[in-house]
file my_file34.cif (mmCIF, C-alpha atoms)
data_target
#
loop_
_atom_site.label_atom_id
_atom_site.label_comp_id
_atom_site.auth_asym_id
_atom_site.auth_seq_id
_atom_site.Cartn_x
_atom_site.Cartn_y
_atom_site.Cartn_z
CA GLU D 1 -0.07 11.27 -8.87
CA GLU D 2 2.76 8.71 -8.57
CA VAL D 3 1.74 8.01 -4.96
CA HIS D 4 2.00 4.58 -3.34
CA LEU D 5 -0.96 3.45 -1.24
CA VAL D 6 -1.59 0.45 0.99
CA ALA D 7 -4.89 -1.30 0.26
CA LEU D 8 -6.13 -4.11 2.49
CA PHE D 9 -9.03 -6.41 1.63
CA SER D 10 -10.78 -8.96 3.81
CA THR D 11 -11.62 -11.32 0.95
CA LEU D 12 -9.69 -12.71 -1.98
CA GLU D 13 -12.60 -11.79 -4.26
CA SER D 14 -12.32 -8.11 -3.32
CA ALA D 15 -8.56 -8.13 -3.81
CA LYS D 16 -8.94 -9.74 -7.24
CA ALA D 17 -11.61 -7.21 -8.22
CA ALA D 18 -9.21 -4.39 -7.28
CA GLU D 19 -6.42 -6.10 -9.20
CA ASP D 20 -8.62 -6.24 -12.32
CA ILE D 21 -9.45 -2.53 -12.08
CA ILE D 22 -5.81 -1.56 -11.58
CA TRP D 23 -4.60 -3.90 -14.33
CA LYS D 24 -6.95 -2.22 -16.82
CA SER D 25 -5.59 1.21 -15.78
CA LEU D 26 -1.93 0.32 -16.42
CA PRO D 27 -0.42 1.46 -19.72
CA PRO D 28 0.14 -1.42 -22.18
CA ILE D 29 3.94 -1.22 -22.09
CA GLN D 30 6.06 -4.37 -22.40
CA ASN D 31 8.61 -5.07 -19.67
CA ARG D 32 12.25 -4.74 -20.70
CA LYS D 33 13.95 -7.52 -18.76
CA ASP D 34 17.36 -6.14 -19.65
CA ILE D 35 16.50 -2.93 -17.76
CA PHE D 36 13.87 -3.87 -15.14
CA GLY D 37 14.54 -7.58 -14.67
CA ASN D 38 12.08 -10.46 -14.60
CA GLN D 39 8.61 -9.96 -13.14
CA ILE D 40 7.68 -13.36 -11.80
CA ILE D 41 4.71 -14.71 -9.90
CA MET D 42 5.55 -17.35 -7.33
CA ASP D 43 3.47 -19.64 -5.18
CA GLU D 44 3.66 -20.23 -1.43
CA ASN D 45 6.53 -22.71 -1.99
CA ASP D 46 8.59 -20.17 -3.97
CA ASP D 47 7.96 -22.06 -7.19
CA ILE D 48 7.65 -19.87 -10.27
CA LEU D 49 4.13 -19.96 -11.67
CA LYS D 50 4.53 -17.52 -14.54
CA GLU D 51 6.20 -14.36 -15.73
CA VAL D 52 4.41 -11.06 -16.34
CA ASP D 53 5.32 -9.39 -19.64
CA ARG D 54 3.55 -6.09 -19.00
CA LEU D 55 5.70 -3.45 -17.29
CA LEU D 56 4.53 -3.14 -13.68
CA VAL D 57 6.69 -0.25 -12.47
CA THR D 58 4.61 2.38 -14.25
CA ALA D 59 1.83 4.39 -12.63
CA CYS D 60 -1.77 3.47 -13.26
CA SER D 61 -4.16 6.07 -14.67
CA LEU D 62 -6.36 6.16 -11.55
CA SER D 63 -6.36 9.28 -9.40
CA ILE D 64 -5.94 9.07 -5.63
CA ASP D 65 -9.67 9.81 -5.24
CA GLU D 66 -10.55 6.99 -7.64
CA VAL D 67 -8.35 4.50 -5.80
CA PHE D 68 -9.75 5.45 -2.39
CA ASN D 69 -13.33 5.18 -3.71
CA MET D 70 -12.62 1.86 -5.45
CA VAL D 71 -11.00 0.27 -2.38
CA LYS D 72 -13.72 1.49 -0.03
CA GLY D 73 -16.40 0.37 -2.52
CA LEU D 74 -14.91 -3.13 -2.40
CA GLY D 75 -15.04 -3.11 1.41
CA GLY D 76 -11.32 -2.50 1.79
CA ILE D 77 -9.16 -0.10 3.76
CA VAL D 78 -6.67 2.24 2.12
CA PHE D 79 -4.03 4.61 3.48
CA PRO D 80 -0.90 6.40 2.18
CA ALA D 81 2.31 4.36 2.08
CA HIS D 82 5.75 5.40 3.36
CA VAL D 83 4.81 9.06 3.89
CA ASP D 84 8.34 9.74 5.15
CA ARG D 85 10.07 8.85 1.88
CA SER D 86 11.20 11.40 -0.67
CA SER D 87 9.72 9.48 -3.58
CA TYR D 88 6.32 7.94 -4.31
CA SER D 89 4.79 9.28 -1.11
CA ILE D 90 1.74 11.50 -0.87
CA LEU D 91 3.74 14.10 1.05
CA SER D 92 6.66 14.20 -1.39
CA ASN D 93 4.34 14.51 -4.38
CA LEU D 94 1.43 16.59 -3.12
CA GLY D 95 2.91 18.13 0.03
CA PHE D 96 -0.23 17.36 2.04
CA ILE D 97 -3.01 14.80 2.48
CA PRO D 98 -6.32 15.96 0.98
CA LYS D 99 -9.01 16.20 3.69
CA ASN D 100 -11.64 14.56 1.45
CA LEU D 101 -9.72 11.27 1.65
CA ASN D 102 -10.59 11.07 5.36
CA VAL D 103 -7.22 9.52 6.18
CA SER D 104 -6.56 8.62 9.80
CA PHE D 105 -3.72 6.12 9.27
CA VAL D 106 -0.47 6.44 7.37
CA GLU D 107 2.38 4.06 6.85
CA VAL D 108 5.96 5.07 7.63
CA SER D 109 9.01 3.17 6.50
CA LYS D 110 11.18 1.04 8.74
CA ASN D 111 13.69 3.92 8.73
CA ILE D 112 11.59 5.97 11.19
CA SER D 113 12.58 4.92 14.70
CA ASP D 114 10.40 7.44 16.59
CA ILE D 115 6.97 7.24 14.95
CA ASN D 116 5.28 9.60 17.41
CA GLY D 117 8.05 12.16 17.04
CA TYR D 118 7.81 11.98 13.26
CA ILE D 119 4.00 12.29 13.23
CA SER D 120 4.00 15.22 15.66
CA GLY D 121 6.65 16.98 13.57
CA VAL D 122 4.60 16.98 10.35
CA SER D 123 1.64 19.34 10.70
CA CYS D 124 -0.74 17.52 8.32
CA LEU D 125 -0.18 14.22 10.19
CA LYS D 126 -0.70 15.50 13.75
CA ASP D 127 -4.07 13.76 14.33
CA MET D 128 -3.16 10.52 12.57
CA LYS D 129 -1.93 7.13 13.62
CA ALA D 130 1.03 5.52 11.91
CA LEU D 131 1.97 1.95 11.10
CA ARG D 132 5.55 0.94 10.36
CA ASN D 133 6.16 -1.39 7.44
CA SER D 134 9.03 -2.42 5.24
CA ASP D 135 7.55 -1.43 1.85
CA ALA D 136 9.48 -4.37 0.48
CA HIS D 137 9.99 -4.63 -3.25
CA THR D 138 12.48 -7.47 -2.85
CA LEU D 139 12.52 -10.43 -0.45
CA GLY D 140 15.56 -9.11 1.43
CA ASP D 141 13.72 -5.89 2.30
CA ILE D 142 10.84 -7.57 4.14
CA SER D 143 10.86 -6.59 7.81
CA GLU D 144 10.87 -9.13 10.58
CA ARG D 145 7.63 -9.57 12.54
CA GLU D 146 8.33 -6.79 15.01
CA ASN D 147 5.29 -4.62 14.36
CA TYR D 148 1.82 -5.47 15.53
CA ILE D 149 -1.74 -4.28 16.12
CA GLU D 150 -3.43 -5.34 19.34
CA ILE D 151 -6.86 -6.82 18.68
CA PRO D 152 -9.02 -9.04 20.92
CA CYS D 153 -8.63 -12.17 18.74
CA CYS D 154 -6.96 -13.38 15.57
CA ASP D 155 -9.68 -12.48 13.09
CA ILE D 156 -9.48 -10.45 9.86
CA GLY D 157 -12.80 -8.81 10.75
CA LYS D 158 -11.33 -7.52 14.01
CA ILE D 159 -8.38 -6.01 12.15
CA PHE D 160 -10.75 -4.20 9.79
CA ASP D 161 -12.86 -3.10 12.77
CA PHE D 162 -9.71 -1.64 14.33
CA PHE D 163 -9.04 0.49 11.26
CA ARG D 164 -12.65 1.52 10.77
CA GLN D 165 -13.21 2.47 14.43
CA ASN D 166 -10.05 4.55 14.49
CA THR D 167 -11.00 6.80 11.59
CA ILE D 168 -11.41 10.53 11.69
#
call {"tool": "encode", "arguments": {"input": "my_file34.cif", "output": "structure tokens"}}
result
Amino acid sequence: EEVHLVALFSTLESAKAAEDIIWKSLPPIQNRKDIFGNQIIMDENDDILKEVDRLLVTACSLSIDEVFNMVKGLGGIVFPAHVDRSSYSILSNLGFIPKNLNVSFVEVSKNISDINGYISGVSCLKDMKALRNSDAHTLGDISERENYIEIPCCDIGKIFDFFRQNTI
């Protein structure tokens, strides 16, 4: 559906399992560096570890339902990304959020200054909560740490509890 989603996992093993599933669903197209640039993997010190030859800007063959089921099956949390954007958002592509996805959170881009006003102005989002993120595809687009979720302690389990307890 050409829709971007945010998937969060509490363990590295779950994230890697999701990566394997998604990798297998990508078309086997080689990256054209002259058009799309280099696709590099870097470590925590910004050292280049390797370059990915497969084109990563293409859509995978998984449906939205399949991605939601896969992420939830791996113990993760998934919600639509940048619903306010005119491209690659569930609203721009489908025009609504399917009820069977049981979505209670959406992400909006950093361009939305009044999240509550935006949510209340879009009928299919009226009962949802929104998180603001940068949807960064380059280092310069990463937002500063100005957004937060209040939880009782710094624990990944508490963050996941927050999302799971605030579902529809």
call {"tool": "resolve_selection", "arguments": {"input": "my_file34.cif", "expression": "the PyMOL selection byres ((chain D and resi 108) around 10)", "output": "list in words"}}
result
Pro80, Ala81, His82, Val83, Asp84, Arg85, Ser89, Phe105, Val106, Glu107, Ser109, Lys110, Asn111, Ile112, Ser113, Ile115, Tyr118, Ile119, Ala130, Leu131, Arg132, Asn133, Ser134 and Asp135 of chain D
call {"tool": "resolve_selection", "arguments": {"input": "my_file34.cif", "expression": "the PyMOL selection byres ((chain D and resi 103) around 12)", "output": "PDB file with C-alpha atoms, keeping the file's coordinate frame"}}
result
ATOM      1  CA  LEU D   5      -0.960   3.450  -1.240  1.00  0.00           C
ATOM      2  CA  VAL D   6      -1.590   0.450   0.990  1.00  0.00           C
ATOM      3  CA  ILE D  64      -5.940   9.070  -5.630  1.00  0.00           C
ATOM      4  CA  ASP D  65      -9.670   9.810  -5.240  1.00  0.00           C
ATOM      5  CA  PHE D  68      -9.750   5.450  -2.390  1.00  0.00           C
ATOM      6  CA  ILE D  77      -9.160  -0.100   3.760  1.00  0.00           C
ATOM      7  CA  VAL D  78      -6.670   2.240   2.120  1.00  0.00           C
ATOM      8  CA  PHE D  79      -4.030   4.610   3.480  1.00  0.00           C
ATOM      9  CA  PRO D  80      -0.900   6.400   2.180  1.00  0.00           C
ATOM     10  CA  ALA D  81       2.310   4.360   2.080  1.00  0.00           C
ATOM     11  CA  ILE D  90       1.740  11.500  -0.870  1.00  0.00           C
ATOM     12  CA  PHE D  96      -0.230  17.360   2.040  1.00  0.00           C
ATOM     13  CA  ILE D  97      -3.010  14.800   2.480  1.00  0.00           C
ATOM     14  CA  PRO D  98      -6.320  15.960   0.980  1.00  0.00           C
ATOM     15  CA  LYS D  99      -9.010  16.200   3.690  1.00  0.00           C
ATOM     16  CA  ASN D 100     -11.640  14.560   1.450  1.00  0.00           C
ATOM     17  CA  LEU D 101      -9.720  11.270   1.650  1.00  0.00           C
ATOM     18  CA  ASN D 102     -10.590  11.070   5.360  1.00  0.00           C
ATOM     19  CA  SER D 104      -6.560   8.620   9.800  1.00  0.00           C
ATOM     20  CA  PHE D 105      -3.720   6.120   9.270  1.00  0.00           C
ATOM     21  CA  VAL D 106      -0.470   6.440   7.370  1.00  0.00           C
ATOM     22  CA  GLU D 107       2.380   4.060   6.850  1.00  0.00           C
ATOM     23  CA  CYS D 124      -0.740  17.520   8.320  1.00  0.00           C
ATOM     24  CA  LEU D 125      -0.180  14.220  10.190  1.00  0.00           C
ATOM     25  CA  LYS D 126      -0.700  15.500  13.750  1.00  0.00           C
ATOM     26  CA  ASP D 127      -4.070  13.760  14.330  1.00  0.00           C
ATOM     27  CA  MET D 128      -3.160  10.520  12.570  1.00  0.00           C
ATOM     28  CA  LYS D 129      -1.930   7.130  13.620  1.00  0.00           C
ATOM     29  CA  ALA D 130       1.030   5.520  11.910  1.00  0.00           C
ATOM     30  CA  PHE D 163      -9.040   0.490  11.260  1.00  0.00           C
ATOM     31  CA  ARG D 164     -12.650   1.520  10.770  1.00  0.00           C
ATOM     32  CA  ASN D 166     -10.050   4.550  14.490  1.00  0.00           C
ATOM     33  CA  THR D 167     -11.000   6.800  11.590  1.00  0.00           C
ATOM     34  CA  ILE D 168     -11.410  10.530  11.690  1.00  0.00           C
TER      35      ILE D 168
END
call {"tool": "resolve_selection", "arguments": {"input": "my_file34.cif", "expression": "the PyMOL selection byres ((chain D and resi 54) around 8)", "output": "list in words"}}
result
Pro28, Ile29, Gln30, Asn31, Val52, Asp53, Leu55 and Leu56 of chain D
call {"tool": "atom_distance", "arguments": {"input": "my_file34.cif", "atom1": "CA of Leu91 in chain D", "atom2": "CA of Ser143 in chain D"}}
result
22.9 Å
call {"tool": "atom_distance", "arguments": {"input": "my_file34.cif", "atom1": "CA of Ala136 in chain D", "atom2": "CA of Ile21 in chain D"}}
result
22.8 Å
call {"tool": "atom_distance", "arguments": {"input": "my_file34.cif", "atom1": "CA of Ser63 in chain D", "atom2": "CA of Leu94 in chain D"}}
result
12.4 Å
call {"tool": "closest_residue", "arguments": {"input": "my_file34.cif", "among": "D:Ile159, D:Lys24, D:Gly121, D:Leu139", "to": "Met42 in chain D", "atoms": "all atoms listed in the file"}}
result
D:Leu139
call {"tool": "closest_residue", "arguments": {"input": "my_file34.cif", "among": "D:Ala17, D:Pro27, D:Asp47, D:Tyr88", "to": "His4 in chain D", "atoms": "only C-alpha atoms"}}
result
D:Tyr88
call {"tool": "decode", "arguments": {"input": "my_file34.cif", "residues": "range 23-78 of chain D", "atoms": "C-alpha atoms", "output": "PDB file, in the first residue's frame"}}
result
ATOM      1  CA  TRP D  23      14.115  -8.180   3.822  1.00  0.00           C
ATOM      2  CA  LYS D  24      12.644 -11.303   2.200  1.00  0.00           C
ATOM      3  CA  SER D  25       9.616  -9.280   1.035  1.00  0.00           C
ATOM      4  CA  LEU D  26      11.676  -6.597  -0.745  1.00  0.00           C
ATOM      5  CA  PRO D  27      12.077  -6.926  -4.511  1.00  0.00           C
ATOM      6  CA  PRO D  28      15.594  -8.021  -5.558  1.00  0.00           C
ATOM      7  CA  ILE D  29      16.494  -4.738  -7.258  1.00  0.00           C
ATOM      8  CA  GLN D  30      20.055  -3.413  -7.161  1.00  0.00           C
ATOM      9  CA  ASN D  31      20.613   0.105  -5.837  1.00  0.00           C
ATOM     10  CA  ARG D  32      21.680   2.680  -8.415  1.00  0.00           C
ATOM     11  CA  LYS D  33      24.122   4.857  -6.490  1.00  0.00           C
ATOM     12  CA  ASP D  34      24.125   7.423  -9.282  1.00  0.00           C
ATOM     13  CA  ILE D  35      20.392   7.991  -8.691  1.00  0.00           C
ATOM     14  CA  PHE D  36      19.694   7.046  -5.050  1.00  0.00           C
ATOM     15  CA  GLY D  37      23.117   7.494  -3.462  1.00  0.00           C
ATOM     16  CA  ASN D  38      24.993   5.165  -1.145  1.00  0.00           C
ATOM     17  CA  GLN D  39      23.092   3.039   1.362  1.00  0.00           C
ATOM     18  CA  ILE D  40      25.510   2.616   4.226  1.00  0.00           C
ATOM     19  CA  ILE D  41      25.297   0.957   7.618  1.00  0.00           C
ATOM     20  CA  MET D  42      27.172   2.752  10.362  1.00  0.00           C
ATOM     21  CA  ASP D  43      28.000   1.888  13.943  1.00  0.00           C
ATOM     22  CA  GLU D  44      27.460   3.955  17.087  1.00  0.00           C
ATOM     23  CA  ASN D  45      30.715   5.849  16.367  1.00  0.00           C
ATOM     24  CA  ASP D  46      29.599   6.814  12.838  1.00  0.00           C
ATOM     25  CA  ASP D  47      32.111   4.408  11.317  1.00  0.00           C
ATOM     26  CA  ILE D  48      30.950   2.751   8.112  1.00  0.00           C
ATOM     27  CA  LEU D  49      30.433  -0.975   8.599  1.00  0.00           C
ATOM     28  CA  LYS D  50      29.201  -1.888   5.135  1.00  0.00           C
ATOM     29  CA  GLU D  51      27.170  -0.787   2.161  1.00  0.00           C
ATOM     30  CA  VAL D  52      23.837  -2.296   1.124  1.00  0.00           C
ATOM     31  CA  ASP D  53      23.576  -3.090  -2.594  1.00  0.00           C
ATOM     32  CA  ARG D  54      19.869  -3.929  -2.644  1.00  0.00           C
ATOM     33  CA  LEU D  55      17.583  -0.957  -3.297  1.00  0.00           C
ATOM     34  CA  LEU D  56      15.875  -0.035  -0.021  1.00  0.00           C
ATOM     35  CA  VAL D  57      13.511   2.714  -1.194  1.00  0.00           C
ATOM     36  CA  THR D  58      11.058   0.278  -2.765  1.00  0.00           C
ATOM     37  CA  ALA D  59       7.934  -1.027  -1.048  1.00  0.00           C
ATOM     38  CA  CYS D  60       7.916  -4.502   0.426  1.00  0.00           C
ATOM     39  CA  SER D  61       5.284  -7.006  -0.696  1.00  0.00           C
ATOM     40  CA  LEU D  62       3.621  -7.235   2.735  1.00  0.00           C
ATOM     41  CA  SER D  63       0.139  -5.802   3.187  1.00  0.00           C
ATOM     42  CA  ILE D  64      -0.685  -3.502   6.093  1.00  0.00           C
ATOM     43  CA  ASP D  65      -2.556  -6.385   7.763  1.00  0.00           C
ATOM     44  CA  GLU D  66       0.473  -8.660   7.379  1.00  0.00           C
ATOM     45  CA  VAL D  67       2.822  -6.076   8.883  1.00  0.00           C
ATOM     46  CA  PHE D  68       0.523  -5.393  11.843  1.00  0.00           C
ATOM     47  CA  ASN D  69       0.130  -9.143  12.492  1.00  0.00           C
ATOM     48  CA  MET D  70       3.873  -9.773  12.133  1.00  0.00           C
ATOM     49  CA  VAL D  71       4.864  -6.954  14.508  1.00  0.00           C
ATOM     50  CA  LYS D  72       2.262  -7.911  17.105  1.00  0.00           C
ATOM     51  CA  GLY D  73       3.247 -11.584  16.766  1.00  0.00           C
ATOM     52  CA  LEU D  74       6.820 -10.610  17.621  1.00  0.00           C
ATOM     53  CA  GLY D  75       5.622  -8.724  20.713  1.00  0.00           C
ATOM     54  CA  GLY D  76       6.032  -5.313  19.110  1.00  0.00           C
ATOM     55  CA  ILE D  77       3.889  -2.228  18.743  1.00  0.00           C
ATOM     56  CA  VAL D  78       2.980  -0.736  15.376  1.00  0.00           C
TER      57      VAL D  78
END
